[in-house]
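Enquirer: Take this structure, written in structure tokens, and hold onto it; I'll ask about it next.
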Amino acid sequence: SIVWSDRYEYPKSCYTTGFEVDSSGNCYLSAVLENGSDSSAGLLMSWDDTGARRWTVVDTGICDAGVFYWGGLTIVEPGFVYVAGHLYCDSVPFLYLIQLSKYTQSGELIWTQYWENTEAIGAVALAITNDSYGNVYITGNAATEDDYHIYGVPLTLSYDSSGNYRWRQSYGNEETFVFQWSEIVRCDAVGNVFIGAEMFQGAEWVKYSGTGIPLDTHVVSGMTLGHPSVLIPLPTGEIYFGGTAYFEGFSGLGLTKLSESGTVGWVRFDTCSQGSRGAVACENADLYAWLDTVLVGLDKNGLTRWKSTVADHITHLALQNDRVLVTAGVPALNPSPTSVIVSRYAICSCPCLGDPNCDGISVDVLDVVSTIAVAF
């Protein structure tokens, strides 16, 4: 049951990198517009709660022609959108430069800051989040090279709300000569920063203080977890952690709940063929996971409450008040979509947030029921 739909046409390929919703129900999307192997731009779009397009920004960075990639976005209430990415062009004397831009929620640019990795050949930004103080945190990779390899380590940067640089941390050992990175970053209620790192020995989560002091790290046991896409610090100090996993010859979504000290509470594995997987959690610690086209409601013990099939392949989830918001895209076997489609579906009702009897499907009460699907 589609409530509204919108399409952003693009003549070549495009794909989503971030999706968030603010307290008013406006949704924001970052994407990459590819024009070829050496040319791309960043797309930032917003829709209101009724599906009306509010504004569109296309950014090519400081290059007339080159590679520009939005790695993700985050919403800082009230009224601001931060987008992080990286760019490359021949006219500047470095390989990749990280860009952080701050917009009003009306799409007006406030400031842009650049960060150059002066200690190596470049850096990339793949995710961004914020804390309750208005500081933002970017994660990705700091790359270096020798005569035979390009390799690097997970990178975390922090800026304040005025665009002032605060700190930088790298994690891992460059001497492993493999490409290690992080594509997810989250903050807990007291301002600690967590990244999910894909390392040579498997997936790890790393914890920093809000001022950049390393506090803790843990390797997930019970399955081979490769590509982290789930990292959710809970108010209790517990953590949901997971992503692409391999178990007894099968691939899928692996999820685990850990205590603050890293003790495993439970481990869950679901098979998944196309590689689209992840999860978000609401305030009462119930969990919403996705596996290709299937949305799964879990309780805080990792048990299935309900399943619901969504059109296309899910790429992102977000929660807003009584709503579960879903971005969906083309299957992984089709890597070159040419348009952005935004649709609002009525498939998940507000009682699903915390109701153990909810079946995950409601298509009748459209004023309080919405799932937004974005297809690429």
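Here, A, B, ... name the chains of the structure tokens in the order displayed, residue numbers run from 1 inside each chain, and ligands are numbered from 1 in the same displayed order.
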Would you list the contacts of Val67 of chain A as a VMD selection string, taking every protein, DNA or RNA residue within 6 Å and counting only C-alpha atoms, but skipping same-chain residues closer than 5 positions in sequence?
Expert: chain A and resid 38 to 40 87 to 88
Enquirer: Near segment 249-253 of chain A, within 12 Å and counting only C-alpha atoms, which residues show up once chain neighbours fewer than 4 positions away are dropped, as a PyMOL selection string?
Expert: chain A and resi 223-230+241-245+267-279+289-292+294+296
Enquirer: In Å, with one decimal, what is the gap from atom CA of Phe80 of chain A to atom CA of Gln105 of chain A?
Expert: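 Between atom CA of Phe80 of chain A and atom CA of Gln105 of chain A the gap is 5.2 Å.
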Enquirer: Leaving out Val193 of chain A and any residue of its chain fewer than 2 positions from it, which residues lie within 7 Å of it when counting only C-alpha atoms, given as a PyMOL selection string?
Expert: chain A and resi 186-188+191+195+207-210
Enquirer: Keeping all heavy atoms for every residue in the selection just given, could you write it to a file as a CSV table (one decimal), in the first residue's frame?
Expert:
chain,number,residue,atom,x,y,z
A,186,ARG,N,28.9,5.3,15.9
A,186,ARG,CA,27.7,5.7,16.7
A,186,ARG,C,28.2,6.3,18.1
A,186,ARG,O,29.4,6.0,18.5
A,186,ARG,CB,26.9,4.4,17.0
A,186,ARG,CG,26.2,3.8,15.8
A,186,ARG,CD,25.1,4.7,15.3
A,186,ARG,NE,24.3,4.1,14.2
A,186,ARG,CZ,24.6,4.2,12.9
A,186,ARG,NH1,25.6,5.0,12.6
A,186,ARG,NH2,23.9,3.6,12.0
A,187,CYS,N,27.4,7.0,18.7
A,187,CYS,CA,27.7,7.6,20.0
A,187,CYS,C,26.7,7.0,21.0
A,187,CYS,O,25.5,6.8,20.7
A,187,CYS,CB,27.6,9.1,20.0
A,187,CYS,SG,28.9,9.9,19.1
A,188,ASP,N,27.1,6.8,22.3
A,188,ASP,CA,26.2,6.4,23.3
A,188,ASP,C,25.6,7.7,24.0
A,188,ASP,O,25.9,8.8,23.7
A,188,ASP,CB,26.8,5.4,24.3
A,188,ASP,CG,28.0,6.0,25.1
A,188,ASP,OD1,28.1,7.3,25.1
A,188,ASP,OD2,28.7,5.3,25.7
A,191,GLY,N,28.2,10.3,25.4
A,191,GLY,CA,29.1,10.9,24.5
A,191,GLY,C,30.3,10.1,24.1
A,191,GLY,O,31.2,10.6,23.4
A,195,ILE,N,33.2,2.8,16.9
A,195,ILE,CA,33.3,2.5,15.4
A,195,ILE,C,33.3,0.9,15.3
A,195,ILE,O,33.7,0.2,16.1
A,195,ILE,CB,34.5,3.1,14.8
A,195,ILE,CG1,35.8,2.4,15.3
A,195,ILE,CG2,34.6,4.6,14.9
A,195,ILE,CD1,37.1,2.8,14.5
A,207,LYS,N,36.0,1.6,21.0
A,207,LYS,CA,35.3,2.6,21.8
A,207,LYS,C,36.4,3.7,22.2
A,207,LYS,O,37.4,3.4,22.7
A,207,LYS,CB,34.8,2.0,23.1
A,207,LYS,CG,34.1,3.0,24.1
A,207,LYS,CD,33.6,2.2,25.3
A,207,LYS,CE,32.8,3.2,26.3
A,207,LYS,NZ,32.4,2.4,27.5
A,208,TYR,N,35.9,5.0,21.9
A,208,TYR,CA,36.7,6.2,22.3
A,208,TYR,C,35.9,7.0,23.3
A,208,TYR,O,34.6,7.0,23.2
A,208,TYR,CB,37.1,7.0,21.1
A,208,TYR,CG,37.9,6.3,20.1
A,208,TYR,CD1,37.4,5.9,18.9
A,208,TYR,CD2,39.3,6.1,20.3
A,208,TYR,CE1,38.2,5.3,17.9
A,208,TYR,CE2,40.1,5.4,19.3
A,208,TYR,CZ,39.5,5.0,18.1
A,208,TYR,OH,40.3,4.4,17.2
A,209,SER,N,36.5,7.8,24.1
A,209,SER,CA,35.8,8.9,24.8
A,209,SER,C,35.4,10.0,23.8
A,209,SER,O,35.9,10.0,22.7
A,209,SER,CB,36.7,9.4,25.9
A,209,SER,OG,37.7,10.2,25.4
A,210,GLY,N,34.6,10.9,24.2
A,210,GLY,CA,34.2,12.0,23.4
A,210,GLY,C,35.3,12.9,23.1
A,210,GLY,O,35.2,13.7,22.1
Enquirer: May I ask for the distance between atom CA of His218 of chain A and atom CA of Gly254 of chain A, given in Å to one decimal place?
Expert: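 Taking atom CA of His218 of chain A as the start and atom CA of Gly254 of chain A as the end point, the length is 15.6 Å.
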Enquirer: Mind giving me the straight-line distance from atom CA of Gly297 of chain A to atom CA of Thr315 of chain A in Å, one decimal?
Expert: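 Rounded to one decimal, the two atoms are 16.1 Å apart.
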Enquirer: Using only C-alpha atoms, which residues sit within 9 Å of Ile184 of chain A once same-chain residues fewer than 4 positions away are excluded, as a count of residues only?
Expert: 15
Enquirer: With a cut-off of 9 Å, could you pull out the residues of segment 10-128 of chain A touching segment 159-163 of chain A and give me the nearest pair of atoms for each, distance in Å to one decimal, using only C-alpha atoms, ordered by chain and ascending number, as a tab-separated table?
Expert:
residue	atom	partner	partner_atom	distance
A:Leu100	CA	A:Gly163	CA	8.3
A:Ser101	CA	A:Gly163	CA	8.6
A:Lys102	CA	A:Gly163	CA	8.2
A:Trp111	CA	A:Gly163	CA	7.4
A:Thr112	CA	A:Gly163	CA	7.6
A:Gln113	CA	A:Gly163	CA	6.5
Enquirer: Any chance you could export the current selection's C-alpha atoms as an mmCIF file, in the first residue's frame?
Expert:
data_model
loop_
_atom_site.group_PDB
_atom_site.id
_atom_site.type_symbol
_atom_site.label_atom_id
_atom_site.label_comp_id
_atom_site.auth_asym_id
_atom_site.auth_seq_id
_atom_site.Cartn_x
_atom_site.Cartn_y
_atom_site.Cartn_z
ATOM 1 C CA LEU A 100 32.562 17.914 5.990
ATOM 2 C CA SER A 101 29.641 20.220 5.145
ATOM 3 C CA LYS A 102 26.972 21.673 7.417
ATOM 4 C CA TRP A 111 30.155 25.980 6.106
ATOM 5 C CA THR A 112 32.494 23.378 4.622
ATOM 6 C CA GLN A 113 35.707 22.043 6.155
#
Enquirer: Need the shell around Val280 of chain A: protein/DNA/RNA residues with any atom at most 8 Å away, counting only C-alpha atoms. Skip same-chain ones fewer than 4 positions apart. Format as a PyMOL selection string?
Expert: chain A and resi 230+232+287-289+317-319
Enquirer: Among segment 72-289 of chain A, which ones does DSSP assign to strand (DSSP E or B) (computed from the backbone)? Answer as a PyMOL selection string.
Expert: chain A and resi 72-76+80-88+96-104+109-116+122-130+136-145+150-159+165-170+179+181-187+193-199+202-208+214-219+224-233+239-247+250-258+264-271+277-281+287-289
Enquirer: Which residues are close to Glu34 of chain A, i.e. within 9 Å by only C-alpha atoms, leaving aside same-chain residues fewer than 5 positions away? Reply as a PDB file with N, CA and C atoms, in the first residue's frame.
Expert:
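This went into result.pdb:
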ATOM      1  N   LYS A  12      23.082   8.286 -15.565  1.00  0.00           N
ATOM      2  CA  LYS A  12      24.042   7.213 -15.348  1.00  0.00           C
ATOM      3  C   LYS A  12      23.753   6.561 -14.003  1.00  0.00           C
ATOM      4  N   SER A  13      24.741   5.983 -13.343  1.00  0.00           N
ATOM      5  CA  SER A  13      24.455   5.214 -12.141  1.00  0.00           C
ATOM      6  C   SER A  13      24.444   6.089 -10.894  1.00  0.00           C
ATOM      7  N   CYS A  14      23.669   5.668  -9.882  1.00  0.00           N
ATOM      8  CA  CYS A  14      23.590   6.371  -8.605  1.00  0.00           C
ATOM      9  C   CYS A  14      23.229   5.363  -7.518  1.00  0.00           C
ATOM     10  N   TYR A  15      23.668   5.647  -6.280  1.00  0.00           N
ATOM     11  CA  TYR A  15      23.358   4.732  -5.179  1.00  0.00           C
ATOM     12  C   TYR A  15      23.381   5.490  -3.864  1.00  0.00           C
ATOM     13  N   SER A  39      34.820  10.265 -12.490  1.00  0.00           N
ATOM     14  CA  SER A  39      33.957  11.431 -12.312  1.00  0.00           C
ATOM     15  C   SER A  39      32.702  11.042 -11.548  1.00  0.00           C
ATOM     16  N   SER A  40      32.424  11.735 -10.446  1.00  0.00           N
ATOM     17  CA  SER A  40      31.203  11.510  -9.684  1.00  0.00           C
ATOM     18  C   SER A  40      30.889  12.751  -8.872  1.00  0.00           C
ATOM     19  N   ALA A  41      29.662  12.827  -8.365  1.00  0.00           N
ATOM     20  CA  ALA A  41      29.208  13.963  -7.570  1.00  0.00           C
ATOM     21  C   ALA A  41      28.402  13.451  -6.394  1.00  0.00           C
ATOM     22  N   GLY A  42      28.207  14.316  -5.396  1.00  0.00           N
ATOM     23  CA  GLY A  42      27.399  13.972  -4.245  1.00  0.00           C
ATOM     24  C   GLY A  42      26.010  14.565  -4.361  1.00  0.00           C
ATOM     25  N   VAL A  67      36.476  12.822  -8.697  1.00  0.00           N
ATOM     26  CA  VAL A  67      35.682  11.892  -7.905  1.00  0.00           C
ATOM     27  C   VAL A  67      35.217  12.595  -6.633  1.00  0.00           C
ATOM     28  N   PHE A  68      33.907  12.571  -6.396  1.00  0.00           N
ATOM     29  CA  PHE A  68      33.356  13.129  -5.163  1.00  0.00           C
ATOM     30  C   PHE A  68      32.351  12.137  -4.617  1.00  0.00           C
TER      31      PHE A  68
END
